[in-house]
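Asks: Quick one: structure below, then a few questions.
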Amino acid sequence: MPKIASMGEQALLVTLGHGLSPATNSRVHLLAARLRGRDIHGVIDLTPAYAALLCRFDGSELVERQLREAIEAELEQRAGAPDSTKRKIELPVSYGGEHGPDLAELAAEHNLTQEEVITLHTGAKYHVYFLGFMPGFAYLGGLPERLAAPRLATPRLRVPAGSVGIAGLQTGVYPLASPGGWRIIGRTPVQMWDAGRESPSLLLPGDEVRFRSTQWEPAPETILGINPAPEGAPAFEVLMPGVLTTLQDLGRPGYAALGLSAGGAMDPKCAARLNRLLGNPPDAAVLEVTWSGPSLRARNTTAIALGGADLGCTVDGRPVPVGVSWLVRAGTDVQFTRQAGHWSGARAYLAVLGGFAAPRVLGSRSTYLPAAFGGHEGRALRAGDLLRAQAALRTPGEAAGKRDGNVVFKGGDDSVTLRVMRYEGEQSPGETAFRGFVQSEFTVTTQSNRMGTRLAPVGRPNAACRQPELLSFGVVRGAVQLPPDGCPVVLNADHQTTGGYPLLGVTARADWPLLSSLMPGQRIRFEEISIERARLLLEREMSL
């Protein structure tokens with residue numbers, strides 16, 4: 001029987017089965033299509049996976065109730081006829097050698113020659129179950145059982161774009177260069193993901209895919225995506241970029257079915273309030289500053305506003321308070337003089353009058369670093385960059401001198417507490433594991449980033465926390481995943497849209513500012529709260 005489970009205060013996960021079944025997967029996509037047809041106000045994104053559909057909404061109790069009723073009504077309907085109009089796509093692949101470093105070892109493990117592996121792999125028809133893990137990454141079923149192989153014990157730090165891999169009974173093509181643990185047997189020259197295309201992903205759910213053996217020499221790798229030059233008046237020249245400074249807005253929801261998370265500012269409330277302080281639209285692009293800030297030279301007279309951590313911003317040597325809009329005259333320098341610490345927080349935000357100019361890519365100006373698009377040329381700032389600003393409704397003098405104390409991060413202790421809602425769906429590791437989790441203390445590791453905050457247990461990991469991987473399913477920002485090593489990961493703005501680790505719970509959205517501010521070495525505990533309590537906390541946060 002289908003099961004519906006709340007995933008925090010902002011999503012429902014509908015589980016329709018437990019295996020790699022084309023019939024179950026068809027039901028998942030049919031349910032997604034029917035829910036899209038209902039056009040329920042407040043539903044933000046639908047993320048199909050093998051046997052489950054994640055339905056993300058705005059977090060309100062009313063929308064959740066309407067969504068539940070719609071899901072239950074659709075599940076009572078008879079299944080529709082299978083789609084007979086599937087696309088058929090052939091991908092050329094150069095197998096083995098530098099393109100397929102795992103082919104020889106895989107062949108030896110199965111007592112096959114490399115040529116036999118290639119013949120088996122190219123002789124099968126593959127079905128696209130869903131897209132996840134990264135933008136445009138299609139999970140393909142249909143791999144011959146003789147080629148099934150576990151993932152690498154130690155994932156590679158970098159797998160080139162176009163690499164064709166095997167994991168279990170699945171095969172797939174890496175659309176972008178990224179870390180990865182699949183067994184790489186070849187590589188295709190076909191561009192699998194391009195944010196500038198009408199349909200950014202080459203492969204879509206329901207497609208039939210075949211591979212064809214060929215030989216090719218790849219051209220030097222180039223940045224994928226679309227990054228046209230921005231319009232607007234010059235605002236700042238970047239003298240020094242800081243550790244990691246990117247353009248971010250409120251994100252690009254609606255693309256989870258293509259494997260692309262919403263992204264956007266790690267602290268969206270702070271970004272929106274800074275924009276309002278200057279009279280900008282709340283979704284105007286701001287600078288997100290991580291750990292240490294940039295040095296900027298004003299090209300025109302403007303106004304800025306700072307929020308989040310106090311990283312010691314000065315304008316021509318004069319300290320600029322956090323939470324105050326400030327006049328910046330042409331030719332003056334804006335500098336950050338401190339590095340982030342436990343008491344100040346990891347991230348600061350700088351808004352400019354009018355908002356920073358950047359092309360909208362898939363509906364947003366946010367930088368998406370894993371796929372190198374959006375923001376300023378799809379990357380972090382570099383020395384010599386010229387940042388532009390959009391036209392403003394106020395003059396710099398009118399915008400300066402305003403205050404908002406609610407954009408100031410008050411500082412964190414060496415030990416902080418995050419509030420978490422337990423997940424009780426099919427993919428939960430169970431009551432014992434969750435109790436061990438909330439009774440444990442963790443430290444933030446140096447591997448934390450915009451994709452996830454990685455935690456290491458203080459002392460021995462709780463034995464109940466060691467769980468096997470699951471069939472991949474959709475996940476939300478704030479979800480707490482439990483990898484086999486017992487070290488939880490809290491998903492952040494640029495998180496993977498699907499995952500196969502057991503799900504302990506979801507951090508309250510009201511705690512996103514605190515989560516975004518965490519520094520390596522800080523200690524964390526988790527406190528269980530109800531979904532109703534999390535909604536009240538969020539309402540209070542939004543009203544401030």
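The way I read the labels, and the way they are meant: chains A, B, ... in the order of the structure tokens, residue 1 as the first residue of every chain, and ligand 1 as the first ligand shown, with later ones counted on from there.
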Which residues, written as an MDAnalysis selection string, have at least one atom at most 7 Å from stretch 33-42 of chain A, with only C-alpha atoms counted and residues fewer than 5 positions away on the same chain left out?
Replies: chainID A and resid 57:58 63
Asks: Please dump the current selection as a PDB file, in the first residue's frame; keep all heavy atoms.
Replies:
```pdb
ATOM      1  N   PHE A  57       6.186  21.872  -0.497  1.00  0.00           N
ATOM      2  CA  PHE A  57       5.216  22.957  -0.498  1.00  0.00           C
ATOM      3  C   PHE A  57       5.701  24.068   0.412  1.00  0.00           C
ATOM      4  O   PHE A  57       6.793  23.985   1.000  1.00  0.00           O
ATOM      5  CB  PHE A  57       3.829  22.449  -0.080  1.00  0.00           C
ATOM      6  CG  PHE A  57       3.801  21.752   1.260  1.00  0.00           C
ATOM      7  CD1 PHE A  57       3.489  22.435   2.418  1.00  0.00           C
ATOM      8  CD2 PHE A  57       4.088  20.392   1.348  1.00  0.00           C
ATOM      9  CE1 PHE A  57       3.472  21.800   3.646  1.00  0.00           C
ATOM     10  CE2 PHE A  57       4.068  19.744   2.579  1.00  0.00           C
ATOM     11  CZ  PHE A  57       3.763  20.451   3.726  1.00  0.00           C
ATOM     12  N   ASP A  58       4.908  25.137   0.526  1.00  0.00           N
ATOM     13  CA  ASP A  58       5.377  26.328   1.230  1.00  0.00           C
ATOM     14  C   ASP A  58       5.424  26.201   2.746  1.00  0.00           C
ATOM     15  O   ASP A  58       5.811  27.143   3.441  1.00  0.00           O
ATOM     16  CB  ASP A  58       4.533  27.550   0.841  1.00  0.00           C
ATOM     17  CG  ASP A  58       3.078  27.421   1.288  1.00  0.00           C
ATOM     18  OD1 ASP A  58       2.752  26.484   2.041  1.00  0.00           O
ATOM     19  OD2 ASP A  58       2.264  28.273   0.868  1.00  0.00           O
ATOM     20  N   VAL A  63      -1.927  24.096   3.137  1.00  0.00           N
ATOM     21  CA  VAL A  63      -1.461  23.508   1.881  1.00  0.00           C
ATOM     22  C   VAL A  63      -1.153  22.023   2.079  1.00  0.00           C
ATOM     23  O   VAL A  63      -1.458  21.198   1.215  1.00  0.00           O
ATOM     24  CB  VAL A  63      -0.226  24.262   1.350  1.00  0.00           C
ATOM     25  CG1 VAL A  63       0.341  23.569   0.113  1.00  0.00           C
ATOM     26  CG2 VAL A  63      -0.581  25.699   1.017  1.00  0.00           C
TER      27      VAL A  63
END
```
Asks: Could you give me, as a PyMOL selection string, the residues within 12 Å of A:Ser344, counting only C-alpha atoms and dropping anything in the same chain fewer than 5 positions from it?
Replies: chain A and resi 290-292+307-312+322+338-339+408-414+514+516-519
Asks: If you count only C-alpha atoms, which residues fall within 12 Å of A:Ala73, apart from same-chain ones fewer than 3 positions away, as a VMD selection string?
Replies: chain A and resid 31 34 to 35 38 66 to 70 76 to 78
Asks: For the selection you just gave me, I'd like the residues written to a file as a short mmCIF file (atom, residue, chain, number, x, y, z; two decimals), in the first residue's frame, keeping N, CA and C atoms.
Replies:
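So the final result, stored in again.cif, reads:
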```cif
data_model
loop_
_atom_site.label_atom_id
_atom_site.label_comp_id
_atom_site.auth_asym_id
_atom_site.auth_seq_id
_atom_site.Cartn_x
_atom_site.Cartn_y
_atom_site.Cartn_z
N LEU A 31 1.53 9.86 -10.94
CA LEU A 31 1.06 10.65 -9.80
C LEU A 31 1.60 12.07 -9.89
N ARG A 34 -0.36 14.01 -12.55
CA ARG A 34 -1.72 14.35 -12.12
C ARG A 34 -1.71 15.46 -11.07
N LEU A 35 -0.74 15.45 -10.18
CA LEU A 35 -0.66 16.52 -9.18
C LEU A 35 -0.30 17.86 -9.84
N ARG A 38 -3.34 19.39 -11.21
CA ARG A 38 -4.24 20.02 -10.24
C ARG A 38 -3.81 21.44 -9.90
N GLN A 66 -4.45 20.15 1.94
CA GLN A 66 -4.97 20.08 0.58
C GLN A 66 -4.14 19.11 -0.27
N LEU A 67 -2.83 19.11 -0.07
CA LEU A 67 -1.95 18.24 -0.84
C LEU A 67 -2.19 16.77 -0.47
N ARG A 68 -2.32 16.50 0.81
CA ARG A 68 -2.61 15.13 1.24
C ARG A 68 -3.91 14.62 0.62
N GLU A 69 -4.94 15.46 0.66
CA GLU A 69 -6.23 15.06 0.10
C GLU A 69 -6.12 14.79 -1.40
N ALA A 70 -5.35 15.63 -2.10
CA ALA A 70 -5.17 15.43 -3.54
C ALA A 70 -4.41 14.14 -3.83
N GLU A 76 -6.40 6.71 -5.43
CA GLU A 76 -7.59 5.87 -5.57
C GLU A 76 -8.01 5.68 -7.02
N GLN A 77 -7.44 6.53 -7.91
CA GLN A 77 -7.79 6.43 -9.32
C GLN A 77 -7.10 5.21 -9.94
N ARG A 78 -7.68 4.69 -10.99
CA ARG A 78 -7.06 3.59 -11.72
C ARG A 78 -5.82 4.09 -12.45
#
```
Asks: Closest to A:Arg450 among A:Arg360, A:Arg477, A:Arg183, A:His121, using only C-alpha atoms?
Replies: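 For A:Arg450, the nearest of the given residues is A:Arg477.
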Asks: Go ahead and compute the interatomic distance for atom CA of A:Gly505 and atom CA of A:Arg523, in Å to one decimal.
Replies: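 Interatomic distance here is 18.6 Å.
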Asks: Need to verify the contact set: A:Val128, 10 Å, only C-alpha atoms, exclusion of same-chain residues closer than 2 positions in sequence. Can you return it as a list in words?
Replies: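 These residues fall inside the cut-off: Pro22, Asn25, Tyr50, Tyr126, Phe130, Leu131, Phe137, Ala138, Tyr139, Leu140, Gly141, Gly142, Thr171, Gly172, Leu203, Leu204, Pro205, Gly206, Asp207, Glu208 and Val209 of chain A.
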Asks: Need the shell around A:Gly474: protein/DNA/RNA residues with any atom at most 8 Å away, counting only C-alpha atoms. Skip same-chain ones fewer than 2 positions apart. Format as a list of chain:residue names?
Replies: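 Once the adjacent positions are removed, what remains is A:Leu13, A:Thr47, A:Pro48, A:Ala49, A:Ala52, A:Leu53, A:Leu54, A:Ser472, A:Val476, A:Thr497, A:Thr498, A:Gly499.
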Asks: Any chance you can output those residues with all heavy atoms as a compact mmCIF listing (two decimals), in the first residue's frame?
Replies:
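Once written, result.txt looks like this:
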```txt
# COMPACT_ATOMS: atom_id res chain seq x y z
N LEU A 13 6.47 12.81 1.50
CA LEU A 13 7.06 11.78 0.66
C LEU A 13 6.06 10.65 0.50
O LEU A 13 5.61 10.05 1.48
CB LEU A 13 8.36 11.24 1.26
CG LEU A 13 9.11 10.26 0.35
CD1 LEU A 13 9.68 10.99 -0.86
CD2 LEU A 13 10.24 9.56 1.11
N THR A 47 9.46 15.85 -6.91
CA THR A 47 10.70 15.14 -7.22
C THR A 47 10.44 13.65 -7.31
O THR A 47 10.35 12.95 -6.29
CB THR A 47 11.77 15.40 -6.14
OG1 THR A 47 11.86 16.80 -5.89
CG2 THR A 47 13.12 14.88 -6.59
N PRO A 48 10.29 13.10 -8.54
CA PRO A 48 10.11 11.65 -8.67
C PRO A 48 11.44 10.92 -8.45
O PRO A 48 12.51 11.44 -8.75
CB PRO A 48 9.63 11.48 -10.12
CG PRO A 48 9.38 12.87 -10.63
CD PRO A 48 10.21 13.78 -9.82
N ALA A 49 11.35 9.69 -7.93
CA ALA A 49 12.52 8.81 -7.83
C ALA A 49 12.07 7.42 -8.26
O ALA A 49 11.08 7.27 -8.97
CB ALA A 49 13.08 8.83 -6.42
N ALA A 52 9.22 6.49 -5.21
CA ALA A 52 8.66 7.49 -4.30
C ALA A 52 8.60 8.84 -4.98
O ALA A 52 9.40 9.15 -5.88
CB ALA A 52 9.50 7.57 -3.02
N LEU A 53 7.65 9.66 -4.53
CA LEU A 53 7.49 11.03 -5.05
C LEU A 53 7.55 12.00 -3.88
O LEU A 53 6.77 11.90 -2.93
CB LEU A 53 6.14 11.18 -5.77
CG LEU A 53 5.82 12.58 -6.29
CD1 LEU A 53 6.78 12.98 -7.41
CD2 LEU A 53 4.37 12.66 -6.78
N LEU A 54 8.49 12.93 -3.94
CA LEU A 54 8.60 13.99 -2.93
C LEU A 54 7.81 15.20 -3.40
O LEU A 54 8.00 15.68 -4.52
CB LEU A 54 10.06 14.38 -2.72
CG LEU A 54 10.30 15.47 -1.68
CD1 LEU A 54 10.03 14.96 -0.28
CD2 LEU A 54 11.71 16.03 -1.78
N SER A 472 17.21 5.18 -3.78
CA SER A 472 17.21 6.64 -3.74
C SER A 472 15.80 7.22 -3.74
O SER A 472 14.90 6.70 -4.40
CB SER A 472 17.97 7.19 -4.95
OG SER A 472 19.35 6.91 -4.84
N VAL A 476 14.87 17.03 1.05
CA VAL A 476 14.69 18.47 1.13
C VAL A 476 15.89 19.11 1.82
O VAL A 476 16.67 18.45 2.50
CB VAL A 476 13.41 18.83 1.91
CG1 VAL A 476 12.18 18.31 1.20
CG2 VAL A 476 13.47 18.30 3.35
N THR A 497 19.29 16.46 -4.96
CA THR A 497 17.83 16.38 -4.88
C THR A 497 17.34 15.01 -4.43
O THR A 497 16.21 14.88 -3.97
CB THR A 497 17.20 16.71 -6.23
OG1 THR A 497 17.75 15.84 -7.23
CG2 THR A 497 17.48 18.16 -6.61
N THR A 498 18.16 13.98 -4.59
CA THR A 498 17.80 12.64 -4.16
C THR A 498 18.96 12.03 -3.39
O THR A 498 20.11 12.44 -3.56
CB THR A 498 17.45 11.72 -5.35
OG1 THR A 498 18.60 11.62 -6.21
CG2 THR A 498 16.26 12.25 -6.12
N GLY A 499 18.66 11.06 -2.56
CA GLY A 499 19.70 10.39 -1.81
C GLY A 499 19.25 9.00 -1.40
O GLY A 499 18.06 8.72 -1.35
```
Asks: Could the residues of stretch 369-455 of chain A that have an atom at most 12 Å from stretch 254-263 of chain A be listed as a Markdown table, each with its closest atom pair and the distance in Å to one decimal, counting only C-alpha atoms and ordered by chain and ascending residue number?
Replies:
```
| residue | atom | partner | partner_atom | distance |
| --- | --- | --- | --- | --- |
| A:Leu369 | CA | A:Gly263 | CA | 9.8 |
| A:Pro370 | CA | A:Leu260 | CA | 10.0 |
| A:Ala371 | CA | A:Leu260 | CA | 9.4 |
| A:Phe373 | CA | A:Leu260 | CA | 11.8 |
| A:Gly374 | CA | A:Gly263 | CA | 10.7 |
| A:Gly375 | CA | A:Gly263 | CA | 11.6 |
| A:Arg450 | CA | A:Gly263 | CA | 8.7 |
| A:Met451 | CA | A:Gly263 | CA | 9.0 |
| A:Gly452 | CA | A:Gly263 | CA | 11.8 |
```
Asks: Need to verify the contact set: A:Arg394, 8 Å, only C-alpha atoms, exclusion of same-chain residues closer than 5 positions in sequence. Can you return it as a ChimeraX atom specification?
Replies: /A:278-279,353,399
Asks: As a PDB file with N, CA, C and O atoms, in the first residue's frame, please: all residues of stretch 112-205 of chain A that backbone DSSP puts in strand (DSSP E or B).
Replies:
```pdb
ATOM      1  N   TYR A 126      18.084   0.607 -22.057  1.00  0.00           N
ATOM      2  CA  TYR A 126      18.024   1.187 -20.715  1.00  0.00           C
ATOM      3  C   TYR A 126      16.838   2.141 -20.600  1.00  0.00           C
ATOM      4  O   TYR A 126      16.495   2.853 -21.544  1.00  0.00           O
ATOM      5  N   HIS A 127      16.247   2.146 -19.411  1.00  0.00           N
ATOM      6  CA  HIS A 127      15.076   2.982 -19.136  1.00  0.00           C
ATOM      7  C   HIS A 127      15.469   4.052 -18.127  1.00  0.00           C
ATOM      8  O   HIS A 127      16.082   3.747 -17.092  1.00  0.00           O
ATOM      9  N   VAL A 128      15.147   5.320 -18.414  1.00  0.00           N
ATOM     10  CA  VAL A 128      15.427   6.421 -17.481  1.00  0.00           C
ATOM     11  C   VAL A 128      14.343   6.419 -16.403  1.00  0.00           C
ATOM     12  O   VAL A 128      13.187   6.735 -16.670  1.00  0.00           O
ATOM     13  N   TYR A 129      14.741   6.059 -15.185  1.00  0.00           N
ATOM     14  CA  TYR A 129      13.793   6.038 -14.075  1.00  0.00           C
ATOM     15  C   TYR A 129      13.526   7.450 -13.540  1.00  0.00           C
ATOM     16  O   TYR A 129      12.387   7.851 -13.328  1.00  0.00           O
ATOM     17  N   PHE A 130      14.593   8.201 -13.291  1.00  0.00           N
ATOM     18  CA  PHE A 130      14.438   9.555 -12.765  1.00  0.00           C
ATOM     19  C   PHE A 130      15.774  10.260 -12.855  1.00  0.00           C
ATOM     20  O   PHE A 130      16.798   9.639 -13.197  1.00  0.00           O
ATOM     21  N   LEU A 131      15.777  11.569 -12.558  1.00  0.00           N
ATOM     22  CA  LEU A 131      16.994  12.367 -12.528  1.00  0.00           C
ATOM     23  C   LEU A 131      17.255  12.822 -11.092  1.00  0.00           C
ATOM     24  O   LEU A 131      16.335  13.273 -10.394  1.00  0.00           O
ATOM     25  N   ALA A 138      20.873  10.974 -14.953  1.00  0.00           N
ATOM     26  CA  ALA A 138      19.761  10.045 -15.136  1.00  0.00           C
ATOM     27  C   ALA A 138      20.127   8.675 -14.587  1.00  0.00           C
ATOM     28  O   ALA A 138      21.188   8.125 -14.903  1.00  0.00           O
ATOM     29  N   TYR A 139      19.240   8.130 -13.766  1.00  0.00           N
ATOM     30  CA  TYR A 139      19.404   6.776 -13.256  1.00  0.00           C
ATOM     31  C   TYR A 139      18.765   5.811 -14.254  1.00  0.00           C
ATOM     32  O   TYR A 139      17.558   5.841 -14.480  1.00  0.00           O
ATOM     33  N   LEU A 140      19.585   4.939 -14.845  1.00  0.00           N
ATOM     34  CA  LEU A 140      19.146   4.057 -15.918  1.00  0.00           C
ATOM     35  C   LEU A 140      19.045   2.621 -15.426  1.00  0.00           C
ATOM     36  O   LEU A 140      20.025   2.053 -14.915  1.00  0.00           O
ATOM     37  N   GLY A 141      17.874   2.025 -15.586  1.00  0.00           N
ATOM     38  CA  GLY A 141      17.693   0.610 -15.307  1.00  0.00           C
ATOM     39  C   GLY A 141      17.831  -0.196 -16.579  1.00  0.00           C
ATOM     40  O   GLY A 141      17.712   0.338 -17.684  1.00  0.00           O
ATOM     41  N   ALA A 149      27.845  -4.361 -10.259  1.00  0.00           N
ATOM     42  CA  ALA A 149      29.074  -4.174  -9.488  1.00  0.00           C
ATOM     43  C   ALA A 149      28.842  -3.123  -8.412  1.00  0.00           C
ATOM     44  O   ALA A 149      28.137  -2.136  -8.640  1.00  0.00           O
ATOM     45  N   ARG A 156      36.139   8.618  -6.158  1.00  0.00           N
ATOM     46  CA  ARG A 156      37.103   9.531  -6.768  1.00  0.00           C
ATOM     47  C   ARG A 156      36.760  10.971  -6.410  1.00  0.00           C
ATOM     48  O   ARG A 156      35.587  11.327  -6.279  1.00  0.00           O
ATOM     49  N   LEU A 157      37.790  11.793  -6.299  1.00  0.00           N
ATOM     50  CA  LEU A 157      37.562  13.205  -6.013  1.00  0.00           C
ATOM     51  C   LEU A 157      37.018  13.935  -7.230  1.00  0.00           C
ATOM     52  O   LEU A 157      36.356  14.965  -7.092  1.00  0.00           O
ATOM     53  N   ARG A 158      37.301  13.398  -8.439  1.00  0.00           N
ATOM     54  CA  ARG A 158      36.813  14.056  -9.647  1.00  0.00           C
ATOM     55  C   ARG A 158      36.577  13.026 -10.745  1.00  0.00           C
ATOM     56  O   ARG A 158      37.494  12.278 -11.114  1.00  0.00           O
ATOM     57  N   VAL A 159      35.351  13.002 -11.234  1.00  0.00           N
ATOM     58  CA  VAL A 159      34.977  12.176 -12.380  1.00  0.00           C
ATOM     59  C   VAL A 159      34.670  13.133 -13.526  1.00  0.00           C
ATOM     60  O   VAL A 159      33.849  14.042 -13.374  1.00  0.00           O
ATOM     61  N   SER A 163      31.392  10.830 -18.242  1.00  0.00           N
ATOM     62  CA  SER A 163      31.815   9.496 -17.836  1.00  0.00           C
ATOM     63  C   SER A 163      30.602   8.579 -17.665  1.00  0.00           C
ATOM     64  O   SER A 163      29.588   8.977 -17.097  1.00  0.00           O
ATOM     65  N   VAL A 164      30.725   7.354 -18.168  1.00  0.00           N
ATOM     66  CA  VAL A 164      29.663   6.345 -18.071  1.00  0.00           C
ATOM     67  C   VAL A 164      30.045   5.372 -16.971  1.00  0.00           C
ATOM     68  O   VAL A 164      31.135   4.784 -16.999  1.00  0.00           O
ATOM     69  N   GLY A 165      29.147   5.196 -15.993  1.00  0.00           N
ATOM     70  CA  GLY A 165      29.487   4.386 -14.840  1.00  0.00           C
ATOM     71  C   GLY A 165      28.442   3.338 -14.523  1.00  0.00           C
ATOM     72  O   GLY A 165      27.313   3.366 -15.029  1.00  0.00           O
ATOM     73  N   ILE A 166      28.838   2.394 -13.646  1.00  0.00           N
ATOM     74  CA  ILE A 166      27.965   1.317 -13.172  1.00  0.00           C
ATOM     75  C   ILE A 166      27.971   1.336 -11.650  1.00  0.00           C
ATOM     76  O   ILE A 166      29.024   1.505 -11.019  1.00  0.00           O
ATOM     77  N   ALA A 167      26.787   1.154 -11.054  1.00  0.00           N
ATOM     78  CA  ALA A 167      26.657   1.024  -9.604  1.00  0.00           C
ATOM     79  C   ALA A 167      25.506   0.078  -9.331  1.00  0.00           C
ATOM     80  O   ALA A 167      24.355   0.389  -9.654  1.00  0.00           O
ATOM     81  N   GLY A 168      25.803  -1.091  -8.776  1.00  0.00           N
ATOM     82  CA  GLY A 168      24.756  -2.083  -8.571  1.00  0.00           C
ATOM     83  C   GLY A 168      24.201  -2.528  -9.905  1.00  0.00           C
ATOM     84  O   GLY A 168      24.946  -2.909 -10.816  1.00  0.00           O
ATOM     85  N   GLN A 170      22.544  -0.489 -11.864  1.00  0.00           N
ATOM     86  CA  GLN A 170      22.264   0.768 -12.564  1.00  0.00           C
ATOM     87  C   GLN A 170      23.447   1.155 -13.440  1.00  0.00           C
ATOM     88  O   GLN A 170      24.595   0.788 -13.155  1.00  0.00           O
ATOM     89  N   THR A 171      23.165   1.937 -14.465  1.00  0.00           N
ATOM     90  CA  THR A 171      24.221   2.607 -15.201  1.00  0.00           C
ATOM     91  C   THR A 171      23.805   4.067 -15.333  1.00  0.00           C
ATOM     92  O   THR A 171      22.630   4.409 -15.168  1.00  0.00           O
ATOM     93  N   GLY A 172      24.760   4.931 -15.589  1.00  0.00           N
ATOM     94  CA  GLY A 172      24.461   6.356 -15.682  1.00  0.00           C
ATOM     95  C   GLY A 172      25.613   7.114 -16.300  1.00  0.00           C
ATOM     96  O   GLY A 172      26.728   6.592 -16.438  1.00  0.00           O
ATOM     97  N   VAL A 173      25.334   8.365 -16.690  1.00  0.00           N
ATOM     98  CA  VAL A 173      26.327   9.233 -17.315  1.00  0.00           C
ATOM     99  C   VAL A 173      26.462  10.483 -16.467  1.00  0.00           C
ATOM    100  O   VAL A 173      25.468  11.160 -16.171  1.00  0.00           O
ATOM    101  N   SER A 178      32.532  15.915 -11.313  1.00  0.00           N
ATOM    102  CA  SER A 178      32.182  15.928  -9.893  1.00  0.00           C
ATOM    103  C   SER A 178      32.854  14.752  -9.207  1.00  0.00           C
ATOM    104  O   SER A 178      33.328  13.826  -9.870  1.00  0.00           O
ATOM    105  N   PRO A 179      32.881  14.749  -7.872  1.00  0.00           N
ATOM    106  CA  PRO A 179      33.283  13.531  -7.179  1.00  0.00           C
ATOM    107  C   PRO A 179      32.277  12.423  -7.462  1.00  0.00           C
ATOM    108  O   PRO A 179      31.119  12.692  -7.782  1.00  0.00           O
ATOM    109  N   GLY A 180      32.697  11.167  -7.353  1.00  0.00           N
ATOM    110  CA  GLY A 180      31.765  10.080  -7.617  1.00  0.00           C
ATOM    111  C   GLY A 180      32.370   8.724  -7.346  1.00  0.00           C
ATOM    112  O   GLY A 180      33.584   8.535  -7.480  1.00  0.00           O
ATOM    113  N   ARG A 183      31.569   2.895 -10.930  1.00  0.00           N
ATOM    114  CA  ARG A 183      32.655   2.243 -11.661  1.00  0.00           C
ATOM    115  C   ARG A 183      32.652   2.763 -13.097  1.00  0.00           C
ATOM    116  O   ARG A 183      31.729   2.483 -13.876  1.00  0.00           O
ATOM    117  N   ILE A 184      33.677   3.486 -13.475  1.00  0.00           N
ATOM    118  CA  ILE A 184      33.713   4.176 -14.765  1.00  0.00           C
ATOM    119  C   ILE A 184      34.265   3.241 -15.836  1.00  0.00           C
ATOM    120  O   ILE A 184      35.403   2.780 -15.757  1.00  0.00           O
ATOM    121  N   ILE A 185      33.434   2.985 -16.876  1.00  0.00           N
ATOM    122  CA  ILE A 185      33.836   2.060 -17.946  1.00  0.00           C
ATOM    123  C   ILE A 185      34.019   2.758 -19.289  1.00  0.00           C
ATOM    124  O   ILE A 185      34.506   2.152 -20.239  1.00  0.00           O
ATOM    125  N   GLY A 186      33.630   4.028 -19.402  1.00  0.00           N
ATOM    126  CA  GLY A 186      33.770   4.735 -20.671  1.00  0.00           C
ATOM    127  C   GLY A 186      33.359   6.178 -20.524  1.00  0.00           C
ATOM    128  O   GLY A 186      33.073   6.667 -19.416  1.00  0.00           O
ATOM    129  N   ARG A 187      33.311   6.855 -21.672  1.00  0.00           N
ATOM    130  CA  ARG A 187      32.958   8.282 -21.653  1.00  0.00           C
ATOM    131  C   ARG A 187      32.335   8.664 -22.988  1.00  0.00           C
ATOM    132  O   ARG A 187      32.755   8.179 -24.048  1.00  0.00           O
ATOM    133  N   TRP A 193      24.082  18.031 -20.034  1.00  0.00           N
ATOM    134  CA  TRP A 193      23.385  19.121 -19.325  1.00  0.00           C
ATOM    135  C   TRP A 193      23.866  20.452 -19.872  1.00  0.00           C
ATOM    136  O   TRP A 193      25.061  20.679 -20.020  1.00  0.00           O
ATOM    137  N   SER A 201      18.371  19.254 -19.518  1.00  0.00           N
ATOM    138  CA  SER A 201      18.855  17.879 -19.443  1.00  0.00           C
ATOM    139  C   SER A 201      18.569  17.146 -20.748  1.00  0.00           C
ATOM    140  O   SER A 201      17.446  17.166 -21.255  1.00  0.00           O
TER     141      SER A 201
END
```
